[in-house]
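J.: After the structure tokens below, expect a handful of questions from me.
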Amino acid sequence: MMRRLNFLEFSEAVAFANRNFFAQGENDFLLLQPKVYRYPKKYCQHHYCYELDQKMVGLIGTYPIAWDDLKMLGIGTVCVEENYRKQGIMQKMFAYLDQNVFPDYDLLYLSGDKTRYEHFGFYKTGQKVSFRIKAKALAQENIKALRVEPYLTADESVNRALYRLYQSGEKVRRNQDNFRDVLQTKGYLIYLIYDGPSLNGYLVYDNVTDSVKEISKTNLGLNDVLRNFWKVIEKPELCYEVSTDNSDLPWLYAISDSYRISHLVNVRIINYAKVIRSLLKQKNNLPKGTITIRIQEAVNLKVTVGLDISVEEIPDQPNFDLVLTEREVHQILFDNPLFWGDKYPLLKAYCPFSLPVTLSSLDSF
């Protein structure tokens with residue numbers, strides 16, 4: 001039987017997950033996902049267990065967030081007790097969520113192996129750009145002197161300041177009450193950036209992979225931030241992960257030693273009309289036109305870009321501009337649609353859409 005956890009069972013669920021994911025003492029979900037597991041009263045209702053003979057044998061956690069007007073749901077801590085694997089329990093757990101949880105959201109995402117989760121309608125998609133930057137590539141002259149220091153002891157006034165910095169350019173909406181824990185996902189380190197006495201930015205760093213996961217700043221140049229950060233870490237090079245719509249992309253391309261474009265996360269669209277409409281509205285100067293799309297075994301859509309943007313569900317009709325599988329739709333929307341360019345050139349102008357790069361890091365689950 002699948003059911004929602006109650007508050008008193010939450011610590012048992014964390015222990016269950018630790019036991020099934022890690023060797024003893026190897027790691028702990030409380031350290032990997034403090035934004036969730038330090039707040040049992042808030043997140044117990046978003047975890048579901050599968051029981052046999054009143055024993056927990058399976059677990060799935062969910063993490064609701066919002067991006068623009070889209071309701072999104074991260075899926076994580078997916079596990080089945082070793083002795084009960086290959087008995088269809090995973091399928092039953094996802095079937096329960098399909099019926100009772102997923103319909104309330106627009107878009108779902110999770111990390112992990114694509115072959116395992118394609119069976120449940122998730123497709124490895126989205127793009128992130130990882131720039132490998134060497135210290136010598138940054139401008140050496142006229143560097144603004146900044147104070148960069150690790151944020152080690154929690155301070156509510158600092159937490160509020162960090163949250164305000166994030167809000168000035170946020171993509172994914174985060175809560176203030178667990179914001180510091182969001183920044184410490186997967187054991188990431190937080191560095192505070194001061195311009196004189198003023199806290200003007202922060203940087204989130206993964207010291208295992210030498211990669212910068214997020215920078216939020218105000219009235220500071222990226223070159224100045226990275227150069228001053230380098231004085232603290234004293235590494236020959238570092239990586240900086242950004243989304244494909246990051247405004248600093250041209251500069252990063254110019255100064256990076258190398259870069260890599262890779263898939264972001266596993267994504268599953270629930271509300272196709274709302275997701276496509278929301279993504280189109282994030283873009284500027286779109287060419288006008290109309291496309292009809294039949295998504296096999298899902299929905300028929302009419303996409304119109306004119307004075308306004310309209311995406312509506314339509315009934316079956318004799319002909320559609322495109323007939324696609326759900327996998328193909330995910331690839332077109334979030335990967336590279338160029339192979340469809342000759343078939344319908346408007347897609348080349350509209351797609352791909354950028355997903356927040358932090359879905360695979362700070363906002364991951």
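Residue numbering restarts at 1 for every chain of the structure tokens, chains are lettered A, B, ... in their displayed order, and ligands are numbered from 1 as they appear.
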Excluding A:Leu189 and any residue of its chain fewer than 5 positions from it, enumerate the residues within 12 Å of it, using only C-alpha atoms, and give them as a list in words.

T.: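 Once the nearby chain positions are removed, what remains is Glu149, Pro150, Tyr151, Leu152, Thr153, Arg180, Asp181, Val182, Leu183, Gln184, Tyr202, Leu203, Val204, Tyr205, Asp206, Asn207, Val208, Thr209, Asp210, Ser211, Val212, Lys213, Glu214, Ile233 and Leu362 of chain A.
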
J.: Would you mind writing down, as a short mmCIF file (atom, residue, chain, number, x, y, z; two decimals) with C-alpha atoms, in the first residue's frame, each residue of stretch 17-213 of chain A that DSSP on the backbone assigns to alpha helix (DSSP H)?

T.:
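Heads up, here's the output in out.cif:
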data_model
loop_
_atom_site.label_atom_id
_atom_site.label_comp_id
_atom_site.auth_asym_id
_atom_site.auth_seq_id
_atom_site.Cartn_x
_atom_site.Cartn_y
_atom_site.Cartn_z
CA ALA A 17 16.81 6.21 2.55
CA ASN A 18 20.31 6.38 4.03
CA ARG A 19 20.36 2.61 4.45
CA ASN A 20 19.32 1.96 0.85
CA PHE A 21 21.47 4.60 -0.84
CA PHE A 29 20.45 12.88 3.25
CA LEU A 30 20.40 15.41 6.07
CA LEU A 31 23.73 16.69 4.70
CA LEU A 32 22.89 16.24 1.01
CA PRO A 34 19.30 20.03 4.29
CA LYS A 35 16.67 22.25 2.65
CA VAL A 36 14.24 19.33 2.96
CA TYR A 37 15.36 17.04 5.74
CA PRO A 40 10.29 17.51 8.79
CA LYS A 41 7.04 19.30 9.66
CA LYS A 42 7.03 21.05 6.31
CA TYR A 43 8.17 18.23 4.05
CA ILE A 89 7.15 -1.79 -6.34
CA MET A 90 8.78 1.12 -8.15
CA GLN A 91 6.09 0.96 -10.83
CA LYS A 92 3.36 0.93 -8.19
CA MET A 93 4.85 3.94 -6.41
CA PHE A 94 5.01 6.01 -9.61
CA ALA A 95 1.50 4.87 -10.56
CA TYR A 96 0.24 6.20 -7.23
CA LEU A 97 1.92 9.56 -7.80
CA ASP A 98 0.60 9.64 -11.37
CA GLN A 99 -2.92 9.45 -10.05
CA ASN A 100 -2.73 11.39 -6.79
CA LYS A 114 17.63 8.16 -18.02
CA THR A 115 17.00 4.51 -18.88
CA ARG A 116 15.43 3.91 -15.48
CA TYR A 117 13.10 6.90 -15.58
CA GLU A 156 19.63 35.63 10.48
CA SER A 157 20.53 39.14 9.30
CA VAL A 158 23.00 37.66 6.79
CA ASN A 159 20.43 35.08 5.69
CA ARG A 160 17.93 37.85 4.96
CA ALA A 161 20.55 39.81 3.03
CA LEU A 162 21.43 36.76 0.93
CA TYR A 163 17.77 36.15 0.18
CA ARG A 164 17.32 39.76 -0.99
CA LEU A 165 20.33 39.40 -3.27
CA TYR A 166 18.84 36.27 -4.79
CA GLN A 167 15.42 37.84 -5.27
CA PHE A 179 17.31 29.65 1.96
CA ARG A 180 20.72 29.05 3.56
CA ASP A 181 20.03 25.31 3.45
CA VAL A 182 19.18 25.56 -0.25
CA LEU A 183 22.60 27.08 -0.86
#

J.: Could you work out how far atom CA of A:Gly76 lies from atom CA of A:Cys44, giving the answer in Å with one decimal?

T.: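 Going from atom CA of A:Cys44 over to atom CA of A:Gly76 covers 13.3 Å.
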
J.: Check the smallest atom-to-atom distance from each of A:Asn228, A:Asn223, A:Ser354, A:Gln140 to A:Phe334 using only C-alpha atoms, then report the winner.

T.: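 Comparing A:Asn228, A:Asn223, A:Ser354, A:Gln140 against A:Phe334, the winner is A:Ser354.
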
J.: Just checking: using only C-alpha atoms, which residue out of A:Leu110, A:Val172, A:Ile190, A:Met2 ends up closest to A:Leu59?

T.: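 Once distances to A:Leu59 are computed over only C-alpha atoms, the minimum belongs to A:Met2.
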
J.: Name all residues at most 7 Å from A:Leu264 (count only C-alpha atoms; drop same-chain ones fewer than 2 positions away) and give them as a PyMOL selection string.

T.: chain A and resi 125-128+262+360

J.: What is the distance, in Å and to one decimal place, between atom CA of A:Leu333 and atom CA of A:Ser278?

T.: 12.1 Å
